[in-house]
file final_28.cif (mmCIF, C-alpha atoms and all ligand atoms)
data_model
#
loop_
_atom_site.label_atom_id
_atom_site.label_comp_id
_atom_site.auth_asym_id
_atom_site.auth_seq_id
_atom_site.Cartn_x
_atom_site.Cartn_y
_atom_site.Cartn_z
CA MET A 1 0.00 0.00 0.00
CA LYS A 2 2.78 2.33 1.02
CA GLN A 3 4.53 1.53 -2.29
CA LYS A 4 1.33 2.25 -4.30
CA ASN A 5 0.94 5.63 -2.58
CA SER A 6 4.51 6.68 -3.29
CA LEU A 7 4.08 5.61 -6.94
CA LYS A 8 0.93 7.77 -7.14
CA LEU A 9 2.81 10.72 -5.61
CA SER A 10 5.69 10.30 -8.06
CA ILE A 11 3.29 10.27 -11.04
CA LEU A 12 1.53 13.39 -9.73
CA ALA A 13 4.87 15.17 -9.25
CA ILE A 14 5.96 14.29 -12.81
CA LEU A 15 2.62 15.48 -14.23
CA SER A 16 2.92 18.82 -12.37
CA VAL A 17 6.43 19.39 -13.68
CA LEU A 18 5.28 18.54 -17.23
CA THR A 19 2.35 20.98 -16.96
CA LEU A 20 4.65 23.77 -15.80
CA LEU A 21 7.09 23.03 -18.59
CA LEU A 22 4.32 23.04 -21.21
CA ALA A 23 3.01 26.40 -19.92
CA GLY A 24 6.52 27.82 -20.24
CA CYS A 25 6.92 26.49 -23.78
CA GLY A 26 3.59 27.91 -24.90
CA GLY A 27 5.34 30.52 -27.03
CA GLY A 28 4.46 33.47 -24.83
CA SER A 29 4.95 34.95 -21.46
CA GLN A 30 1.39 34.40 -20.39
CA GLN A 31 1.30 32.54 -17.13
CA ALA A 32 -1.77 30.78 -15.76
CA SER A 33 -1.73 31.28 -12.03
CA GLY A 34 -3.29 28.04 -10.93
CA GLY A 35 -6.15 27.66 -13.40
CA ASN A 36 -8.66 29.64 -15.38
CA GLU A 37 -12.05 31.25 -14.91
CA ALA A 38 -13.86 27.97 -15.52
CA SER A 39 -12.24 26.50 -12.43
CA GLY A 40 -13.10 29.63 -10.46
CA LYS A 41 -9.61 31.14 -10.59
CA GLU A 42 -8.61 34.00 -12.86
CA GLN A 43 -5.92 33.81 -15.52
CA THR A 44 -3.00 36.12 -14.80
CA TYR A 45 -0.37 37.40 -17.22
CA THR A 46 3.21 38.57 -17.03
CA PHE A 47 3.83 40.21 -20.37
CA LYS A 48 7.19 41.13 -21.87
CA ALA A 49 7.78 44.46 -23.64
CA THR A 50 10.97 45.72 -25.26
CA HIS A 51 12.41 48.71 -27.12
CA VAL A 52 15.73 50.27 -28.17
CA THR A 53 15.97 53.35 -25.94
CA GLN A 54 17.62 54.08 -22.60
CA GLU A 55 15.61 54.14 -19.37
CA THR A 56 15.47 57.95 -19.27
CA HIS A 57 13.86 58.12 -22.70
CA VAL A 58 10.19 59.00 -22.99
CA TRP A 59 9.42 55.69 -24.76
CA HIS A 60 10.67 53.75 -21.75
CA GLN A 61 8.67 55.98 -19.42
CA THR A 62 5.59 55.36 -21.58
CA ALA A 63 6.18 51.60 -21.42
CA LEU A 64 6.36 51.78 -17.62
CA LYS A 65 3.15 53.81 -17.57
CA PHE A 66 1.55 51.14 -19.78
CA GLY A 67 2.53 48.53 -17.17
CA GLU A 68 0.89 50.60 -14.43
CA GLU A 69 -2.28 50.99 -16.48
CA LEU A 70 -2.44 47.26 -17.25
CA ASP A 71 -2.06 46.45 -13.57
CA LYS A 72 -4.70 49.00 -12.53
CA LEU A 73 -7.31 48.22 -15.20
CA SER A 74 -6.99 44.45 -14.77
CA ASN A 75 -7.09 44.63 -10.96
CA GLY A 76 -3.60 43.17 -10.73
CA LYS A 77 -4.20 40.37 -13.25
CA MET A 78 -1.77 41.78 -15.84
CA LYS A 79 1.87 42.63 -15.14
CA LEU A 80 4.44 43.98 -17.58
CA ASP A 81 8.21 43.48 -17.57
CA VAL A 82 9.96 46.09 -19.71
CA TYR A 83 13.35 45.35 -21.31
CA PRO A 84 14.99 48.63 -22.51
CA ALA A 85 18.06 49.34 -24.64
CA SER A 86 17.67 46.34 -26.99
CA GLN A 87 18.26 43.89 -24.12
CA LEU A 88 16.31 41.24 -26.04
CA GLY A 89 18.17 41.86 -29.29
CA PRO A 90 18.07 44.35 -32.17
CA GLU A 91 14.76 45.33 -33.74
CA LYS A 92 14.96 42.62 -36.40
CA ASP A 93 15.10 40.00 -33.62
CA MET A 94 12.42 41.78 -31.62
CA VAL A 95 10.02 41.40 -34.54
CA SER A 96 10.86 37.70 -34.95
CA GLN A 97 10.14 37.15 -31.26
CA LEU A 98 6.92 39.16 -31.50
CA GLU A 99 5.83 36.94 -34.39
CA THR A 100 6.15 33.81 -32.25
CA GLY A 101 4.77 35.41 -29.08
CA ALA A 102 8.07 35.05 -27.19
CA ILE A 103 7.79 38.83 -26.69
CA ASP A 104 4.31 40.30 -26.20
CA PHE A 105 4.81 44.03 -26.85
CA GLY A 106 7.29 46.07 -28.88
CA PHE A 107 7.87 49.82 -28.97
CA LEU A 108 9.58 49.69 -32.37
CA THR A 109 11.12 52.62 -34.20
CA ASN A 110 8.91 53.70 -37.07
CA ALA A 111 12.19 54.02 -38.97
CA TYR A 112 12.96 50.30 -38.75
CA MET A 113 9.34 49.33 -39.38
CA SER A 114 9.24 51.57 -42.47
CA THR A 115 11.81 49.21 -44.00
CA ARG A 116 9.23 46.39 -43.58
CA GLN A 117 6.00 48.24 -44.35
CA GLU A 118 5.87 50.93 -47.07
CA SER A 119 2.98 52.95 -45.64
CA LEU A 120 4.92 53.79 -42.44
CA ASN A 121 7.19 56.03 -44.52
CA ALA A 122 4.28 58.48 -44.37
CA TRP A 123 5.58 59.77 -41.04
CA PHE A 124 8.84 60.77 -42.75
CA MET A 125 7.46 63.14 -45.33
CA PRO A 126 9.93 66.02 -44.91
CA PHE A 127 8.83 69.19 -43.13
CA ALA A 128 5.28 67.78 -42.76
CA PHE A 129 5.05 69.06 -39.18
CA LYS A 130 6.13 72.44 -37.83
CA SER A 131 6.23 71.08 -34.28
CA LEU A 132 5.86 67.86 -32.34
CA LYS A 133 2.38 69.00 -31.35
CA ASP A 134 1.37 69.10 -35.04
CA ALA A 135 2.66 65.53 -35.52
CA VAL A 136 0.82 64.23 -32.46
CA ALA A 137 -2.39 65.78 -33.82
CA VAL A 138 -2.54 63.19 -36.64
CA ARG A 139 -1.77 60.20 -34.38
CA GLU A 140 -5.39 59.09 -34.45
CA SER A 141 -6.20 60.07 -38.03
CA ALA A 142 -7.76 57.51 -40.39
CA PRO A 143 -4.54 56.96 -42.44
CA ALA A 144 -2.52 56.48 -39.23
CA LYS A 145 -5.03 53.84 -38.13
CA ASP A 146 -4.76 52.20 -41.57
CA MET A 147 -0.98 51.93 -41.10
CA LEU A 148 -1.53 50.13 -37.79
CA LYS A 149 -4.04 47.79 -39.40
CA GLU A 150 -1.59 46.81 -42.14
CA LEU A 151 0.76 45.40 -39.49
CA GLU A 152 -1.56 42.37 -39.23
CA ALA A 153 0.20 41.00 -42.31
CA GLN A 154 3.35 40.66 -40.16
CA GLY A 155 1.68 38.82 -37.27
CA LEU A 156 1.42 42.04 -35.27
CA VAL A 157 -1.45 43.96 -33.75
CA GLY A 158 -0.74 47.67 -34.30
CA LEU A 159 -1.83 49.43 -31.12
CA ASP A 160 -0.69 53.04 -31.32
CA PHE A 161 2.03 55.53 -32.22
CA GLY A 162 4.18 57.23 -29.58
CA PHE A 163 6.67 60.01 -30.25
CA ALA A 164 10.15 61.18 -29.43
CA GLY A 165 10.89 64.82 -30.24
CA ASN A 166 10.99 66.02 -33.83
CA ARG A 167 14.31 65.71 -35.68
CA HIS A 168 16.80 68.55 -36.06
CA ILE A 169 20.35 68.89 -37.42
CA LEU A 170 23.53 69.05 -35.35
CA MET A 171 26.71 69.87 -37.30
CA LYS A 172 30.36 70.19 -36.43
CA ASP A 173 30.69 73.26 -38.71
CA GLY A 174 28.03 75.94 -38.91
CA HIS A 175 24.25 76.10 -39.03
CA ILE A 176 21.86 75.16 -41.83
CA ALA A 177 20.02 77.85 -43.78
CA SER A 178 19.52 75.93 -47.03
CA PRO A 179 20.38 72.60 -48.73
CA ALA A 180 23.65 74.19 -49.96
CA ASP A 181 24.97 74.03 -46.38
CA LEU A 182 24.54 70.24 -46.42
CA LYS A 183 25.92 69.48 -49.88
CA GLY A 184 28.51 66.70 -49.71
CA LYS A 185 28.34 66.53 -45.90
CA LYS A 186 28.29 63.14 -44.25
CA VAL A 187 25.24 63.12 -42.02
CA ARG A 188 24.25 60.25 -39.74
CA ILE A 189 20.68 59.15 -40.25
CA ILE A 190 18.61 56.30 -38.87
CA GLY A 191 17.93 53.82 -41.68
CA SER A 192 14.57 54.30 -43.39
CA PRO A 193 13.74 54.54 -47.12
CA ALA A 194 12.07 57.99 -47.03
CA ILE A 195 14.69 59.48 -44.70
CA GLN A 196 17.48 58.18 -46.94
CA ASP A 197 15.76 59.54 -50.08
CA PHE A 198 15.29 63.00 -48.60
CA TRP A 199 18.93 63.31 -47.55
CA THR A 200 20.08 62.01 -50.94
CA ALA A 201 17.85 64.55 -52.72
CA ILE A 202 19.53 67.31 -50.68
CA GLY A 203 22.91 66.21 -52.03
CA ALA A 204 24.30 65.20 -48.65
CA GLY A 205 25.95 61.86 -47.89
CA PRO A 206 23.41 60.14 -45.62
CA THR A 207 25.14 57.52 -43.47
CA ALA A 208 22.87 55.04 -41.68
CA MET A 209 24.40 54.14 -38.33
CA PRO A 210 23.10 52.81 -35.00
CA LEU A 211 23.10 55.28 -32.07
CA PRO A 212 25.96 53.66 -30.10
CA GLU A 213 28.41 54.41 -32.94
CA VAL A 214 27.45 58.06 -33.30
CA TYR A 215 29.42 59.67 -30.46
CA THR A 216 32.80 58.35 -31.63
CA SER A 217 32.01 58.91 -35.31
CA LEU A 218 31.36 62.59 -34.59
CA GLN A 219 34.45 62.81 -32.42
CA THR A 220 36.74 61.31 -35.04
CA GLY A 221 35.16 63.18 -37.96
CA VAL A 222 33.85 60.06 -39.71
CA ILE A 223 30.61 62.09 -39.98
CA ASP A 224 30.09 65.85 -40.19
CA GLY A 225 26.73 65.95 -38.47
CA ILE A 226 23.63 64.10 -37.35
CA ASP A 227 19.89 64.03 -37.87
CA ILE A 228 18.61 63.74 -34.31
CA ASP A 229 15.85 64.44 -31.76
CA LEU A 230 16.57 66.64 -28.73
CA ASP A 231 15.91 63.87 -26.18
CA ALA A 232 18.60 61.63 -27.71
CA LEU A 233 20.92 64.62 -28.11
CA VAL A 234 20.66 65.47 -24.41
CA THR A 235 20.92 61.85 -23.24
CA GLU A 236 23.87 60.89 -25.43
CA LYS A 237 25.69 64.26 -25.16
CA TYR A 238 26.58 64.37 -28.86
CA TYR A 239 26.97 68.15 -28.49
CA GLU A 240 30.34 67.47 -26.85
CA ASN A 241 31.63 66.74 -30.37
CA ALA A 242 29.51 69.11 -32.49
CA GLU A 243 28.06 72.36 -31.22
CA ASN A 244 25.89 73.82 -33.98
CA LEU A 245 22.25 72.89 -33.64
CA THR A 246 19.74 74.03 -36.24
CA LEU A 247 16.13 73.54 -35.19
CA THR A 248 14.54 72.33 -38.41
CA ASN A 249 11.68 69.98 -37.45
CA HIS A 250 12.39 68.28 -40.80
CA PHE A 251 10.95 64.92 -39.61
CA THR A 252 8.92 63.67 -36.72
CA PHE A 253 10.06 60.47 -34.99
CA PRO A 254 7.41 57.97 -33.93
CA THR A 255 7.53 54.61 -32.28
CA VAL A 256 5.05 52.00 -33.52
CA ILE A 257 3.62 50.18 -30.54
CA VAL A 258 2.63 46.61 -31.38
CA MET A 259 1.43 43.46 -29.69
CA SER A 260 2.22 39.96 -30.84
CA GLN A 261 -0.84 38.58 -32.63
CA ALA A 262 -0.06 35.19 -31.06
CA SER A 263 -0.26 36.73 -27.57
CA TYR A 264 -3.29 38.87 -28.41
CA ASN A 265 -5.28 35.92 -29.71
CA LYS A 266 -4.88 34.12 -26.39
CA LEU A 267 -6.72 36.91 -24.56
CA SER A 268 -10.47 37.07 -23.96
CA ALA A 269 -12.30 39.94 -25.68
CA GLU A 270 -12.51 41.66 -22.31
CA ASP A 271 -8.76 41.38 -21.70
CA GLN A 272 -8.05 42.61 -25.23
CA GLU A 273 -10.06 45.75 -24.39
CA ILE A 274 -8.02 46.22 -21.21
CA VAL A 275 -4.81 46.14 -23.28
CA LYS A 276 -6.19 48.70 -25.75
CA THR A 277 -7.38 51.08 -23.06
CA ALA A 278 -4.15 50.74 -21.09
CA ILE A 279 -1.99 51.58 -24.10
CA LYS A 280 -4.18 54.53 -25.07
CA ASN A 281 -3.94 55.98 -21.55
CA ALA A 282 -0.17 55.45 -21.45
CA VAL A 283 0.43 57.00 -24.89
CA ASP A 284 -1.87 59.97 -24.15
CA TRP A 285 0.44 60.62 -21.19
CA GLY A 286 3.64 59.87 -23.17
CA VAL A 287 2.95 62.24 -26.07
CA GLN A 288 2.25 65.10 -23.68
CA GLU A 289 5.46 64.27 -21.82
CA ALA A 290 7.38 64.27 -25.14
CA ILE A 291 5.92 67.70 -26.01
CA ASN A 292 6.90 69.07 -22.57
CA ARG A 293 10.41 67.66 -22.94
CA GLU A 294 11.01 69.57 -26.21
CA SER A 295 11.33 72.92 -24.43
CA ALA A 296 13.06 71.46 -21.36
CA ASN A 297 15.65 69.69 -23.57
CA LEU A 298 16.27 72.86 -25.56
CA GLU A 299 16.93 74.76 -22.34
CA THR A 300 19.39 72.05 -21.20
CA LEU A 301 21.25 72.24 -24.50
CA LYS A 302 21.51 76.05 -24.37
CA GLN A 303 22.82 75.79 -20.81
CA ALA A 304 25.44 73.31 -22.05
CA GLY A 305 26.70 75.92 -24.52
CA VAL A 306 25.18 74.51 -27.71
CA LYS A 307 24.81 77.21 -30.39
CA VAL A 308 21.15 77.07 -31.41
CA GLU A 309 19.57 78.62 -34.49
CA GLU A 310 16.16 78.08 -36.01
CA LEU A 311 15.38 77.38 -39.66
CA THR A 312 12.36 79.66 -40.02
CA ASP A 313 11.98 79.38 -43.78
CA ALA A 314 12.19 75.97 -45.48
CA THR A 315 11.40 77.31 -48.98
CA SER A 316 14.84 76.34 -50.29
CA PHE A 317 14.04 72.68 -49.49
CA GLU A 318 10.79 72.74 -51.50
CA SER A 319 11.96 70.80 -54.57
CA MET A 320 13.33 67.96 -52.36
CA ILE A 321 10.15 67.88 -50.28
CA LYS A 322 8.06 67.64 -53.45
CA GLN A 323 10.25 64.90 -54.89
CA VAL A 324 9.88 62.71 -51.78
CA GLU A 325 6.15 63.41 -51.42
CA GLU A 326 5.44 62.49 -55.05
CA THR A 327 7.54 59.33 -54.96
CA TYR A 328 5.93 58.02 -51.76
CA SER A 329 2.35 59.07 -52.61
CA GLN A 330 2.66 56.82 -55.63
CA LYS A 331 3.98 53.94 -53.55
CA SER A 332 1.04 53.79 -51.14
CA PRO A 333 -2.50 55.24 -51.06
CA ILE A 334 -2.18 55.46 -47.28
CA ILE A 335 0.78 57.81 -47.64
CA LYS A 336 -1.20 59.91 -50.13
CA ALA A 337 -4.13 60.14 -47.71
CA PHE A 338 -1.79 60.87 -44.79
CA LEU A 339 -0.17 63.75 -46.67
CA GLU A 340 -3.61 65.20 -47.42
CA GLU A 341 -4.37 64.93 -43.69
CA THR A 342 -1.19 66.85 -42.77
CA LYS A 343 -2.08 69.66 -45.17
CA LYS A 344 -5.62 70.21 -43.79
C1 LIG B 401 18.00 57.09 -33.41
O1 LIG B 401 18.55 56.04 -33.81
O2 LIG B 401 18.24 58.18 -33.93
C2 LIG B 401 17.02 57.01 -32.27
C3 LIG B 401 16.43 55.80 -31.96
C4 LIG B 401 15.50 55.75 -30.93
C5 LIG B 401 15.17 56.91 -30.23
C6 LIG B 401 15.79 58.10 -30.53
C7 LIG B 401 16.72 58.16 -31.56
#
call {"tool": "encode", "arguments": {"input": "final_28.cif", "output": "structure tokens", "more": "lines below"}}
Ligand code: BEZ
result
Amino acid sequence: MKQKNSLKLSILAILSVLTLLLAGCGGGSQQASGGNEASGKEQTYTFKATHVTQETHVWHQTALKFGEELDKLSNGKMKLDVYPASQLGPEKDMVSQLETGAIDFGFLTNAYMSTRQESLNAWFMPFAFKSLKDAVAVRESAPAKDMLKELEAQGLVGLDFGFAGNRHILMKDGHIASPADLKGKKVRIIGSPAIQDFWTAIGAGPTAMPLPEVYTSLQTGVIDGIDIDLDALVTEKYYENAENLTLTNHFTFPTVIVMSQASYNKLSAEDQEIVKTAIKNAVDWGVQEAINRESANLETLKQAGVKVEELTDATSFESMIKQVEETYSQKSPIIKAFLEETKK
């Protein structure tokens, strides 16, 4: 009898271990905490989110806020672990892991995603927005929503767009009044088709390069300047190697916030709504924070001795703007509609 009981206990122990292992191998970070609603206990989740920026960056702060909102709206059922600074790999790997559900949420640069989905280049129509506030105003427009919907084709649920500050130009030598000041200059850009095309149309030498290489490249003169947002400029202190900042607002710089379709499909309709509301609340907060940071960052840069000038008249860039707008309007009806939206 004693032997039978210990055999039963051993089988039960093995079955428990197997169940735990299977839950872990389920392709996601959803964790059932001892059963589901049918057995009277609620499903709980520990989601994983990741992005490329440092912890001080507004995208990371927005991701943390999203975690708080998930926790609050789900009454503690949903938790979020956030992995900043590409801790789970570069964006290419992030997307692969999102496809399988190994990562649940990604705050991906629109720049990288525009290399995978044409319509996202819409955000990089040059000089489309005079300020970050103007860019944020079209976040919930119909074409922006269409861009998010198109992400389904990649196994992703497009949730929202967040923003870093608009892009400006920092140069080692002098400020920018017209395209002539950029002719032949090597300028670091983040890789994206529309960004590359604009800089090529200007006659500059656009050089795609990841952020960690930028400081030394400026220092050693491998590049003459950078296309950058103020938040990254303050955080990474690039002004230590180049002191001439021209405020151009030539691009805005969104993050595309996505959920793995595999993870999303495992949620009840009610839990899916919680996710959508939580992200909306977090991004509403994050975009306002990004807008507030624009003036605070500018003040910090002036205090640090950066020489700041503003490009008040972009007329000399008109032919390049037109060239990029025409090319990309023909590539995607969403981009055409988005451009019309920005000109309203
Ligand atoms: C950049 O590569 O320029 C960048 C990426 C993420 C946030 C800010 C800047």
call {"tool": "axis_aligned_box", "arguments": {"input": "final_28.cif", "around": "stretch 142-147 of chain A", "padding_each_side": "8 Å", "output": "lines of an AutoDock Vina configuration file"}}
result
center_x = -4.4
center_y = 54.7
center_z = -40.3
size_x = 22.8
size_y = 21.6
size_z = 20.3
call {"tool": "residues_near_ligand", "arguments": {"input": "final_28.cif", "ligand": "ligand LIG 401 (chain B)", "cutoff": "9 Å", "atoms": "only C-alpha atoms and all ligand atoms", "output": "mmCIF file with C-alpha atoms, keeping the file's coordinate frame"}}
result
data_model
loop_
_atom_site.group_PDB
_atom_site.id
_atom_site.type_symbol
_atom_site.label_atom_id
_atom_site.label_comp_id
_atom_site.auth_asym_id
_atom_site.auth_seq_id
_atom_site.Cartn_x
_atom_site.Cartn_y
_atom_site.Cartn_z
ATOM 1 C CA HIS A 51 12.410 48.710 -27.120
ATOM 2 C CA VAL A 52 15.730 50.270 -28.170
ATOM 3 C CA THR A 53 15.970 53.350 -25.940
ATOM 4 C CA GLN A 54 17.620 54.080 -22.600
ATOM 5 C CA HIS A 57 13.860 58.120 -22.700
ATOM 6 C CA TRP A 59 9.420 55.690 -24.760
ATOM 7 C CA LEU A 108 9.580 49.690 -32.370
ATOM 8 C CA THR A 109 11.120 52.620 -34.200
ATOM 9 C CA ALA A 111 12.190 54.020 -38.970
ATOM 10 C CA ALA A 164 10.150 61.180 -29.430
ATOM 11 C CA GLY A 165 10.890 64.820 -30.240
ATOM 12 C CA ARG A 167 14.310 65.710 -35.680
ATOM 13 C CA ARG A 188 24.250 60.250 -39.740
ATOM 14 C CA ILE A 189 20.680 59.150 -40.250
ATOM 15 C CA ILE A 190 18.610 56.300 -38.870
ATOM 16 C CA GLY A 191 17.930 53.820 -41.680
ATOM 17 C CA MET A 209 24.400 54.140 -38.330
ATOM 18 C CA PRO A 210 23.100 52.810 -35.000
ATOM 19 C CA LEU A 211 23.100 55.280 -32.070
ATOM 20 C CA PRO A 212 25.960 53.660 -30.100
ATOM 21 C CA ILE A 226 23.630 64.100 -37.350
ATOM 22 C CA ASP A 227 19.890 64.030 -37.870
ATOM 23 C CA ILE A 228 18.610 63.740 -34.310
ATOM 24 C CA ASP A 229 15.850 64.440 -31.760
ATOM 25 C CA LEU A 230 16.570 66.640 -28.730
ATOM 26 C CA ASP A 231 15.910 63.870 -26.180
ATOM 27 C CA ALA A 232 18.600 61.630 -27.710
ATOM 28 C CA LEU A 233 20.920 64.620 -28.110
ATOM 29 C CA PHE A 253 10.060 60.470 -34.990
ATOM 30 C CA PRO A 254 7.410 57.970 -33.930
ATOM 31 C CA THR A 255 7.530 54.610 -32.280
#
call {"tool": "residues_around", "arguments": {"input": "final_28.cif", "residues": "stretch 289-306 of chain A", "least_positions_apart": "2", "cutoff": "9 Å", "atoms": "only C-alpha atoms", "output": "number ranges by chain"}}
result
A: 58-59, 62, 131-133, 136, 162-166, 229-231, 233-234, 239-240, 242-245, 284-287, 308
call {"tool": "residues_around", "arguments": {"input": "final_28.cif", "residues": "stretch 79-83 of chain A", "least_positions_apart": "3", "cutoff": "8 Å", "atoms": "all atoms listed in the file", "output": "list of chain:residue names"}}
result
A:Tyr45, A:Thr46, A:Phe47, A:Lys48, A:Ala49, A:Thr50, A:His51, A:His60, A:Ala63, A:Leu64, A:Gly67, A:Leu70, A:Asp71, A:Gly76, A:Ser86, A:Gln87, A:Leu88
call {"tool": "write_last_selection", "arguments": {"input": "final_28.cif", "atoms": "C-alpha atoms", "output": "short mmCIF file (atom, residue, chain, number, x, y, z; two decimals), keeping the file's coordinate frame"}}
result
data_model
loop_
_atom_site.label_atom_id
_atom_site.label_comp_id
_atom_site.auth_asym_id
_atom_site.auth_seq_id
_atom_site.Cartn_x
_atom_site.Cartn_y
_atom_site.Cartn_z
CA TYR A 45 -0.37 37.40 -17.22
CA THR A 46 3.21 38.57 -17.03
CA PHE A 47 3.83 40.21 -20.37
CA LYS A 48 7.19 41.13 -21.87
CA ALA A 49 7.78 44.46 -23.64
CA THR A 50 10.97 45.72 -25.26
CA HIS A 51 12.41 48.71 -27.12
CA HIS A 60 10.67 53.75 -21.75
CA ALA A 63 6.18 51.60 -21.42
CA LEU A 64 6.36 51.78 -17.62
CA GLY A 67 2.53 48.53 -17.17
CA LEU A 70 -2.44 47.26 -17.25
CA ASP A 71 -2.06 46.45 -13.57
CA GLY A 76 -3.60 43.17 -10.73
CA SER A 86 17.67 46.34 -26.99
CA GLN A 87 18.26 43.89 -24.12
CA LEU A 88 16.31 41.24 -26.04
#
call {"tool": "closest_atom_pairs", "arguments": {"input": "final_28.cif", "of": "stretch 62-153 of chain A", "to": "stretch 319-336 of chain A", "cutoff": "12 Å", "atoms": "only C-alpha atoms", "output": "CSV"}}
result
residue,atom,partner,partner_atom,distance
A:Ser114,CA,A:Ile335,CA,11.7
A:Gln117,CA,A:Ser332,CA,10.1
A:Glu118,CA,A:Ser332,CA,6.9
A:Ser119,CA,A:Ile335,CA,5.7
A:Leu120,CA,A:Ile335,CA,7.8
A:Asn121,CA,A:Ile335,CA,7.3
A:Ala122,CA,A:Ile335,CA,4.8
A:Trp123,CA,A:Ile335,CA,8.4
A:Phe124,CA,A:Val324,CA,9.3
A:Met125,CA,A:Glu325,CA,6.2
A:Pro126,CA,A:Ile321,CA,5.7
A:Phe127,CA,A:Ile321,CA,7.4
A:Ala128,CA,A:Ile321,CA,9.0
A:Ser141,CA,A:Ile334,CA,11.1
A:Ala142,CA,A:Ile334,CA,9.1
A:Pro143,CA,A:Ile334,CA,5.6
A:Ala144,CA,A:Ile334,CA,8.1
A:Lys145,CA,A:Ile334,CA,9.7
A:Asp146,CA,A:Ile334,CA,7.1
A:Met147,CA,A:Ile334,CA,7.2
A:Leu148,CA,A:Ile334,CA,10.9
A:Lys149,CA,A:Ile334,CA,11.2
A:Glu150,CA,A:Ile334,CA,10.1
call {"tool": "residues_around", "arguments": {"input": "final_28.cif", "residues": "A:Gly203", "least_positions_apart": "5", "cutoff": "10 Å", "atoms": "only C-alpha atoms", "output": "number ranges by chain"}}
result
A: 179-186, 197-198, 320
call {"tool": "closest_residue", "arguments": {"input": "final_28.cif", "among": "A:His250, A:Glu69, A:Pro84, A:Asp104", "to": "A:Gly155", "atoms": "only C-alpha atoms"}}
result
A:Asp104
call {"tool": "atom_distance", "arguments": {"input": "final_28.cif", "atom1": "atom CA of A:Phe317", "atom2": "atom CA of A:Ala201"}}
result
9.5 Å
call {"tool": "closest_residue", "arguments": {"input": "final_28.cif", "among": "A:Met171, A:Ile195, A:Val138, A:Ala262", "to": "A:Ser96", "atoms": "all atoms listed in the file"}}
result
A:Ala262
call {"tool": "residues_around", "arguments": {"input": "final_28.cif", "residues": "A:Ser178", "least_positions_apart": "4", "cutoff": "12 Å", "atoms": "all atoms listed in the file", "output": "MDAnalysis selection string"}}
result
chainID A and resid 169 174 182:183 202:204 246 248 310:320
call {"tool": "atom_distance", "arguments": {"input": "final_28.cif", "atom1": "atom CA of A:Tyr215", "atom2": "atom CA of A:Lys237"}}
result
7.9 Å
